[in-house]
Structure formats: C-alpha cells, structure tokens
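Accompanying notes for the structure given below.
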Amino acid sequence: MAYWLLKTEPGDYCWDDLIRDKGTLWDGVRNYQARNNLREMKKGDLCFIYHSVGPKEIVGIARVTKEAYQDPTTADEAWVCVDIKPAKRLKKPVHLSDIKADKVLSQMALVKNSRLSVCPVTKKEWDKALKTAGS
C-alpha cells in the first residue's frame, strides 16, 4: 500500500463534500508530476485530504477505489483521474504550521514542493501525521 496527499480548495470541494457524496473522482489535475502520481495510485491506497486554502490543514483520510482512468473533464488523453471514498475524519486537523515545525513532517513533498497538488507520503510521514492528529 502507498500513501498520498491530495490538495483541495475547500471552497471548490472540501472534506464535508466528500463525506456527503460518499466518494468522488479526483479530476482536474493539470500538472505532469501530479498526474504521474495519480497514475501510480493503486486501489486501496490511502490519501490524506488537505485543505489548501483558509486554515491549511490535513483534515481526513480517503481510500482509492478506482485506479487512474481518462479524466472526463478533458478530451486530452494525457490527463487522468482516480476515484476515492472517505475513510475517516482525523480527530484533530494537522495544520501546515505543525507540519513545518516537525522534524519528520517538514520533509514532506507538501512542504518541499508546495505547488504539487498530488503528493506521495512516506510511511514514516503518514504515521507521524496520524500521531499528530491523535488518530
């Protein structure tokens, strides 16, 4: 199993929308590195959902339910999406300031490549973030 972080602007689509919808396709990615990360995702992989506007924070965990396929928001076959469903809300959000202040979490792709909307997360980073969230 691999771990990922998916950024979303809560005004466009937030954790509560994912809960309400019981799942969604993660579409609209138009960065090649992020697209390549989507292509690497496997069914069952876990993803942090990160609100990138307002309080910048990891708020929940989603699970990949369908691997990469053609993004229906474009006719360009270069772009893909995956399907996800909510797995669990974190007990407490993990704020960007906490991530940057932590020795392990400050090494995350989220910090090192802040413009990347789909980021890999190491097992060590995943476990530390969960501990920080009290989950």
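As shown in the structure tokens, the chain order sets the letters A, B, ...; within each chain, residues go from 1, and ligands are also counted from 1 in the order they appear.
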Counting only C-alpha atoms, which residues of range 5-26 of chain A sit at most 12 Å from some atom of range 72-96 of chain A, and what is each one's closest atom pair with its distance in Å to one decimal, listed by chain and rising residue number, as a Markdown table?
| residue | atom | partner | partner_atom | distance |
| --- | --- | --- | --- | --- |
| A:Leu6 | CA | A:Ile84 | CA | 10.5 |
| A:Cys14 | CA | A:Pro86 | CA | 11.3 |
| A:Trp15 | CA | A:Arg89 | CA | 8.2 |
| A:Asp16 | CA | A:Arg89 | CA | 9.4 |
| A:Asp17 | CA | A:Pro86 | CA | 9.9 |
| A:Leu18 | CA | A:Pro86 | CA | 6.4 |
| A:Ile19 | CA | A:Pro86 | CA | 6.1 |
| A:Arg20 | CA | A:Pro86 | CA | 9.5 |
| A:Asp21 | CA | A:Lys85 | CA | 8.6 |
| A:Lys22 | CA | A:Lys85 | CA | 5.9 |
| A:Gly23 | CA | A:Lys85 | CA | 3.9 |
| A:Thr24 | CA | A:Ile84 | CA | 5.6 |
| A:Leu25 | CA | A:Asp83 | CA | 4.2 |
| A:Trp26 | CA | A:Cys81 | CA | 5.3 |
DSSP says alpha helix (DSSP H) for which residues of chain A? Put them as a PDB file with N, CA and C atoms, in the first residue's frame?
ATOM      1  N   TRP A  15     -13.680  18.378   2.547  1.00  0.00           N
ATOM      2  CA  TRP A  15     -13.861  17.082   3.211  1.00  0.00           C
ATOM      3  C   TRP A  15     -15.349  16.782   3.428  1.00  0.00           C
ATOM      4  N   ASP A  16     -16.110  17.764   3.874  1.00  0.00           N
ATOM      5  CA  ASP A  16     -17.536  17.540   4.118  1.00  0.00           C
ATOM      6  C   ASP A  16     -18.281  17.191   2.830  1.00  0.00           C
ATOM      7  N   ASP A  17     -17.838  17.744   1.693  1.00  0.00           N
ATOM      8  CA  ASP A  17     -18.432  17.364   0.399  1.00  0.00           C
ATOM      9  C   ASP A  17     -18.154  15.897   0.109  1.00  0.00           C
ATOM     10  N   LEU A  18     -16.933  15.454   0.386  1.00  0.00           N
ATOM     11  CA  LEU A  18     -16.578  14.050   0.154  1.00  0.00           C
ATOM     12  C   LEU A  18     -17.419  13.127   1.026  1.00  0.00           C
ATOM     13  N   ILE A  19     -17.621  13.514   2.275  1.00  0.00           N
ATOM     14  CA  ILE A  19     -18.478  12.730   3.184  1.00  0.00           C
ATOM     15  C   ILE A  19     -19.905  12.676   2.634  1.00  0.00           C
ATOM     16  N   ARG A  20     -20.436  13.828   2.263  1.00  0.00           N
ATOM     17  CA  ARG A  20     -21.802  13.909   1.730  1.00  0.00           C
ATOM     18  C   ARG A  20     -21.963  13.046   0.479  1.00  0.00           C
ATOM     19  N   ASP A  21     -20.978  13.117  -0.418  1.00  0.00           N
ATOM     20  CA  ASP A  21     -21.059  12.392  -1.690  1.00  0.00           C
ATOM     21  C   ASP A  21     -20.708  10.918  -1.566  1.00  0.00           C
ATOM     22  N   TYR A  32       2.012  17.769 -14.647  1.00  0.00           N
ATOM     23  CA  TYR A  32       2.516  16.464 -15.077  1.00  0.00           C
ATOM     24  C   TYR A  32       3.006  15.604 -13.915  1.00  0.00           C
ATOM     25  N   GLN A  33       3.696  16.192 -12.952  1.00  0.00           N
ATOM     26  CA  GLN A  33       4.167  15.408 -11.817  1.00  0.00           C
ATOM     27  C   GLN A  33       2.987  14.895 -10.987  1.00  0.00           C
ATOM     28  N   ALA A  34       1.999  15.746 -10.754  1.00  0.00           N
ATOM     29  CA  ALA A  34       0.803  15.328 -10.018  1.00  0.00           C
ATOM     30  C   ALA A  34       0.065  14.242 -10.799  1.00  0.00           C
ATOM     31  N   ARG A  35      -0.036  14.411 -12.120  1.00  0.00           N
ATOM     32  CA  ARG A  35      -0.675  13.404 -12.970  1.00  0.00           C
ATOM     33  C   ARG A  35       0.047  12.057 -12.865  1.00  0.00           C
ATOM     34  N   ASN A  36       1.368  12.106 -12.871  1.00  0.00           N
ATOM     35  CA  ASN A  36       2.147  10.871 -12.750  1.00  0.00           C
ATOM     36  C   ASN A  36       1.898  10.205 -11.407  1.00  0.00           C
ATOM     37  N   ASN A  37       1.721  11.007 -10.360  1.00  0.00           N
ATOM     38  CA  ASN A  37       1.393  10.445  -9.050  1.00  0.00           C
ATOM     39  C   ASN A  37       0.018   9.785  -9.077  1.00  0.00           C
ATOM     40  N   LEU A  38      -0.947  10.402  -9.754  1.00  0.00           N
ATOM     41  CA  LEU A  38      -2.267   9.766  -9.893  1.00  0.00           C
ATOM     42  C   LEU A  38      -2.134   8.412 -10.593  1.00  0.00           C
ATOM     43  N   ARG A  39      -1.305   8.355 -11.606  1.00  0.00           N
ATOM     44  CA  ARG A  39      -1.101   7.100 -12.349  1.00  0.00           C
ATOM     45  C   ARG A  39      -0.501   6.000 -11.481  1.00  0.00           C
ATOM     46  N   GLU A  40       0.246   6.396 -10.455  1.00  0.00           N
ATOM     47  CA  GLU A  40       0.891   5.436  -9.557  1.00  0.00           C
ATOM     48  C   GLU A  40      -0.056   4.884  -8.491  1.00  0.00           C
ATOM     49  N   LEU A  96      -0.613  23.195   8.702  1.00  0.00           N
ATOM     50  CA  LEU A  96       0.643  23.371   7.980  1.00  0.00           C
ATOM     51  C   LEU A  96       1.744  23.864   8.908  1.00  0.00           C
ATOM     52  N   SER A  97       1.416  24.732   9.836  1.00  0.00           N
ATOM     53  CA  SER A  97       2.440  25.231  10.769  1.00  0.00           C
ATOM     54  C   SER A  97       3.014  24.095  11.619  1.00  0.00           C
ATOM     55  N   ASP A  98       2.168  23.138  12.020  1.00  0.00           N
ATOM     56  CA  ASP A  98       2.641  21.973  12.777  1.00  0.00           C
ATOM     57  C   ASP A  98       3.510  21.078  11.897  1.00  0.00           C
ATOM     58  N   ILE A  99       3.129  20.949  10.635  1.00  0.00           N
ATOM     59  CA  ILE A  99       3.893  20.130   9.687  1.00  0.00           C
ATOM     60  C   ILE A  99       5.280  20.732   9.495  1.00  0.00           C
ATOM     61  N   LYS A 100       5.343  22.036   9.264  1.00  0.00           N
ATOM     62  CA  LYS A 100       6.627  22.699   9.037  1.00  0.00           C
ATOM     63  C   LYS A 100       7.518  22.680  10.277  1.00  0.00           C
ATOM     64  N   ALA A 101       6.916  22.645  11.461  1.00  0.00           N
ATOM     65  CA  ALA A 101       7.681  22.674  12.710  1.00  0.00           C
ATOM     66  C   ALA A 101       8.210  21.301  13.125  1.00  0.00           C
ATOM     67  N   ALA A 109       6.655  16.120   0.789  1.00  0.00           N
ATOM     68  CA  ALA A 109       6.550  16.778  -0.516  1.00  0.00           C
ATOM     69  C   ALA A 109       5.636  17.997  -0.416  1.00  0.00           C
ATOM     70  N   LEU A 110       4.667  17.952   0.458  1.00  0.00           N
ATOM     71  CA  LEU A 110       3.768  19.092   0.690  1.00  0.00           C
ATOM     72  C   LEU A 110       4.560  20.355   0.998  1.00  0.00           C
ATOM     73  N   VAL A 111       5.638  20.219   1.751  1.00  0.00           N
ATOM     74  CA  VAL A 111       6.467  21.356   2.141  1.00  0.00           C
ATOM     75  C   VAL A 111       7.543  21.622   1.088  1.00  0.00           C
ATOM     76  N   LYS A 112       8.173  20.556   0.631  1.00  0.00           N
ATOM     77  CA  LYS A 112       9.304  20.687  -0.300  1.00  0.00           C
ATOM     78  C   LYS A 112       8.878  21.141  -1.695  1.00  0.00           C
ATOM     79  N   LYS A 123       5.702   6.246   4.611  1.00  0.00           N
ATOM     80  CA  LYS A 123       5.075   5.574   5.750  1.00  0.00           C
ATOM     81  C   LYS A 123       5.426   6.305   7.050  1.00  0.00           C
ATOM     82  N   LYS A 124       6.676   6.731   7.171  1.00  0.00           N
ATOM     83  CA  LYS A 124       7.113   7.460   8.372  1.00  0.00           C
ATOM     84  C   LYS A 124       6.337   8.770   8.519  1.00  0.00           C
ATOM     85  N   GLU A 125       6.173   9.497   7.417  1.00  0.00           N
ATOM     86  CA  GLU A 125       5.410  10.752   7.442  1.00  0.00           C
ATOM     87  C   GLU A 125       3.947  10.484   7.765  1.00  0.00           C
ATOM     88  N   TRP A 126       3.385   9.433   7.159  1.00  0.00           N
ATOM     89  CA  TRP A 126       1.987   9.066   7.390  1.00  0.00           C
ATOM     90  C   TRP A 126       1.751   8.806   8.882  1.00  0.00           C
ATOM     91  N   ASP A 127       2.603   7.951   9.454  1.00  0.00           N
ATOM     92  CA  ASP A 127       2.444   7.584  10.858  1.00  0.00           C
ATOM     93  C   ASP A 127       2.605   8.797  11.781  1.00  0.00           C
ATOM     94  N   LYS A 128       3.549   9.659  11.477  1.00  0.00           N
ATOM     95  CA  LYS A 128       3.772  10.854  12.298  1.00  0.00           C
ATOM     96  C   LYS A 128       2.583  11.811  12.207  1.00  0.00           C
ATOM     97  N   ALA A 129       2.049  11.990  11.017  1.00  0.00           N
ATOM     98  CA  ALA A 129       0.874  12.858  10.851  1.00  0.00           C
ATOM     99  C   ALA A 129      -0.326  12.309  11.622  1.00  0.00           C
ATOM    100  N   LEU A 130      -0.516  10.993  11.575  1.00  0.00           N
ATOM    101  CA  LEU A 130      -1.625  10.387  12.324  1.00  0.00           C
ATOM    102  C   LEU A 130      -1.434  10.582  13.822  1.00  0.00           C
ATOM    103  N   LYS A 131      -0.215  10.429  14.281  1.00  0.00           N
ATOM    104  CA  LYS A 131       0.068  10.638  15.707  1.00  0.00           C
ATOM    105  C   LYS A 131      -0.217  12.094  16.083  1.00  0.00           C
ATOM    106  N   THR A 132       0.197  13.012  15.246  1.00  0.00           N
ATOM    107  CA  THR A 132      -0.041  14.441  15.483  1.00  0.00           C
ATOM    108  C   THR A 132      -1.542  14.746  15.531  1.00  0.00           C
TER     109      THR A 132
END
Under the rule that only C-alpha atoms are counted, which of A:Gln70, A:Thr8, A:Thr122, A:Asn31 is the nearest residue to Glu57 in chain A?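 Ranking A:Gln70, A:Thr8, A:Thr122, A:Asn31 by distance to Glu57 in chain A, first place goes to A:Thr8.
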Among range 2-129 of chain A, which ones does DSSP assign to strand (DSSP E or B) (computed from the backbone)? Answer as a ChimeraX atom specification. /A:3-8,24-26,46-51,57-70,80-95,118-121
Could the residues in this selection be saved with N, CA and C atoms as a compact mmCIF listing (two decimals), in the first residue's frame?
# COMPACT_ATOMS: atom_id res chain seq x y z
N TYR A 3 0.90 5.72 0.19
CA TYR A 3 0.22 6.82 0.87
C TYR A 3 0.41 8.09 0.04
N TRP A 4 -0.63 8.92 0.06
CA TRP A 4 -0.66 10.12 -0.77
C TRP A 4 -1.27 11.27 -0.01
N LEU A 5 -1.11 12.47 -0.56
CA LEU A 5 -1.78 13.65 -0.05
C LEU A 5 -2.43 14.34 -1.24
N LEU A 6 -3.73 14.61 -1.13
CA LEU A 6 -4.49 15.29 -2.18
C LEU A 6 -4.91 16.66 -1.66
N LYS A 7 -4.51 17.68 -2.40
CA LYS A 7 -4.87 19.05 -2.01
C LYS A 7 -6.19 19.44 -2.66
N THR A 8 -6.97 20.16 -1.90
CA THR A 8 -8.21 20.71 -2.44
C THR A 8 -8.49 22.06 -1.82
N THR A 24 -15.89 10.35 -4.76
CA THR A 24 -15.82 11.24 -5.91
C THR A 24 -14.68 10.82 -6.82
N LEU A 25 -14.66 11.38 -8.02
CA LEU A 25 -13.49 11.24 -8.86
C LEU A 25 -12.59 12.43 -8.58
N TRP A 26 -11.28 12.19 -8.50
CA TRP A 26 -10.32 13.26 -8.25
C TRP A 26 -9.80 13.71 -9.59
N LEU A 46 -4.13 4.81 0.55
CA LEU A 46 -4.74 5.82 1.43
C LEU A 46 -4.22 7.20 1.09
N CYS A 47 -5.09 8.20 1.23
CA CYS A 47 -4.76 9.58 0.88
C CYS A 47 -5.19 10.52 2.00
N PHE A 48 -4.30 11.39 2.39
CA PHE A 48 -4.71 12.49 3.25
C PHE A 48 -5.45 13.50 2.37
N ILE A 49 -6.50 14.07 2.89
CA ILE A 49 -7.19 15.18 2.22
C ILE A 49 -6.72 16.45 2.93
N TYR A 50 -6.16 17.35 2.14
CA TYR A 50 -5.55 18.57 2.66
C TYR A 50 -6.27 19.79 2.11
N HIS A 51 -6.79 20.61 3.00
CA HIS A 51 -7.41 21.88 2.60
C HIS A 51 -6.30 22.91 2.40
N GLU A 57 -4.59 22.63 6.25
CA GLU A 57 -4.52 21.52 7.18
C GLU A 57 -4.97 20.21 6.55
N ILE A 58 -4.41 19.12 7.08
CA ILE A 58 -4.87 17.78 6.73
C ILE A 58 -6.10 17.52 7.58
N VAL A 59 -7.21 17.14 6.94
CA VAL A 59 -8.46 17.00 7.69
C VAL A 59 -9.03 15.59 7.72
N GLY A 60 -8.64 14.74 6.76
CA GLY A 60 -9.22 13.41 6.71
C GLY A 60 -8.41 12.46 5.87
N ILE A 61 -8.91 11.22 5.84
CA ILE A 61 -8.27 10.16 5.08
C ILE A 61 -9.28 9.59 4.10
N ALA A 62 -8.85 9.43 2.86
CA ALA A 62 -9.67 8.80 1.81
C ALA A 62 -8.94 7.57 1.30
N ARG A 63 -9.71 6.70 0.66
CA ARG A 63 -9.15 5.48 0.08
C ARG A 63 -9.38 5.50 -1.43
N VAL A 64 -8.38 5.09 -2.19
CA VAL A 64 -8.52 4.98 -3.65
C VAL A 64 -9.41 3.78 -3.95
N THR A 65 -10.48 4.00 -4.72
CA THR A 65 -11.41 2.92 -5.06
C THR A 65 -11.33 2.53 -6.54
N LYS A 66 -10.74 3.38 -7.37
CA LYS A 66 -10.57 3.06 -8.78
C LYS A 66 -9.28 3.71 -9.26
N GLU A 67 -8.45 2.92 -9.91
CA GLU A 67 -7.16 3.41 -10.39
C GLU A 67 -7.34 4.34 -11.58
N ALA A 68 -6.25 4.97 -11.98
CA ALA A 68 -6.26 6.03 -12.99
C ALA A 68 -7.01 5.65 -14.27
N TYR A 69 -7.81 6.59 -14.72
CA TYR A 69 -8.54 6.48 -15.99
C TYR A 69 -8.69 7.87 -16.58
N GLN A 70 -9.12 7.93 -17.82
CA GLN A 70 -9.25 9.20 -18.54
C GLN A 70 -10.09 10.20 -17.75
N VAL A 80 -5.51 12.19 -16.33
CA VAL A 80 -6.24 11.10 -15.68
C VAL A 80 -6.85 11.56 -14.36
N CYS A 81 -7.71 10.72 -13.84
CA CYS A 81 -8.27 10.93 -12.50
C CYS A 81 -8.34 9.58 -11.81
N VAL A 82 -8.62 9.58 -10.53
CA VAL A 82 -8.86 8.37 -9.76
C VAL A 82 -10.15 8.57 -8.98
N ASP A 83 -10.74 7.49 -8.53
CA ASP A 83 -11.90 7.58 -7.65
C ASP A 83 -11.45 7.35 -6.21
N ILE A 84 -12.03 8.10 -5.30
CA ILE A 84 -11.74 7.95 -3.88
C ILE A 84 -13.04 7.94 -3.09
N LYS A 85 -12.96 7.40 -1.87
CA LYS A 85 -14.09 7.48 -0.94
C LYS A 85 -13.53 7.84 0.42
N PRO A 86 -14.33 8.49 1.25
CA PRO A 86 -13.83 8.86 2.58
C PRO A 86 -13.61 7.62 3.44
N ALA A 87 -12.54 7.64 4.22
CA ALA A 87 -12.27 6.55 5.15
C ALA A 87 -12.51 7.02 6.59
N LYS A 88 -11.92 8.18 6.94
CA LYS A 88 -12.15 8.69 8.29
C LYS A 88 -11.69 10.13 8.43
N ARG A 89 -12.39 10.86 9.24
CA ARG A 89 -12.01 12.23 9.60
C ARG A 89 -10.93 12.13 10.68
N LEU A 90 -9.94 12.97 10.61
CA LEU A 90 -8.93 12.98 11.66
C LEU A 90 -9.52 13.54 12.95
N LYS A 91 -9.06 13.05 14.09
CA LYS A 91 -9.55 13.54 15.37
C LYS A 91 -9.32 15.03 15.51
N LYS A 92 -8.16 15.48 15.06
CA LYS A 92 -7.90 16.92 15.00
C LYS A 92 -7.08 17.18 13.74
N PRO A 93 -7.35 18.28 13.07
CA PRO A 93 -6.61 18.59 11.84
C PRO A 93 -5.12 18.78 12.13
N VAL A 94 -4.31 18.50 11.13
CA VAL A 94 -2.87 18.74 11.24
C VAL A 94 -2.57 19.98 10.41
N HIS A 95 -2.28 21.08 11.08
CA HIS A 95 -2.07 22.37 10.43
C HIS A 95 -0.70 22.43 9.75
N VAL A 118 -0.91 16.64 -5.90
CA VAL A 118 -1.00 15.21 -5.57
C VAL A 118 0.41 14.78 -5.18
N CYS A 119 0.61 14.51 -3.89
CA CYS A 119 1.96 14.27 -3.36
C CYS A 119 2.07 12.87 -2.75
N PRO A 120 3.21 12.22 -2.95
CA PRO A 120 3.45 10.98 -2.21
C PRO A 120 3.75 11.30 -0.74
N VAL A 121 3.43 10.36 0.13
CA VAL A 121 3.70 10.48 1.55
C VAL A 121 4.40 9.20 1.97
Any idea what the distance is between CA of Ser52 in chain A and CA of Glu9 in chain A? 5.3 Å
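The gap separating CA of Met1 in chain A from CA of Ser114 in chain A is 23.7 Å, in Å to one decimal.
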Please report the interatomic distance between CA of Val104 in chain A and CA of Ala133 in chain A in Å with one decimal.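 Going from CA of Val104 in chain A over to CA of Ala133 in chain A covers 14.3 Å.
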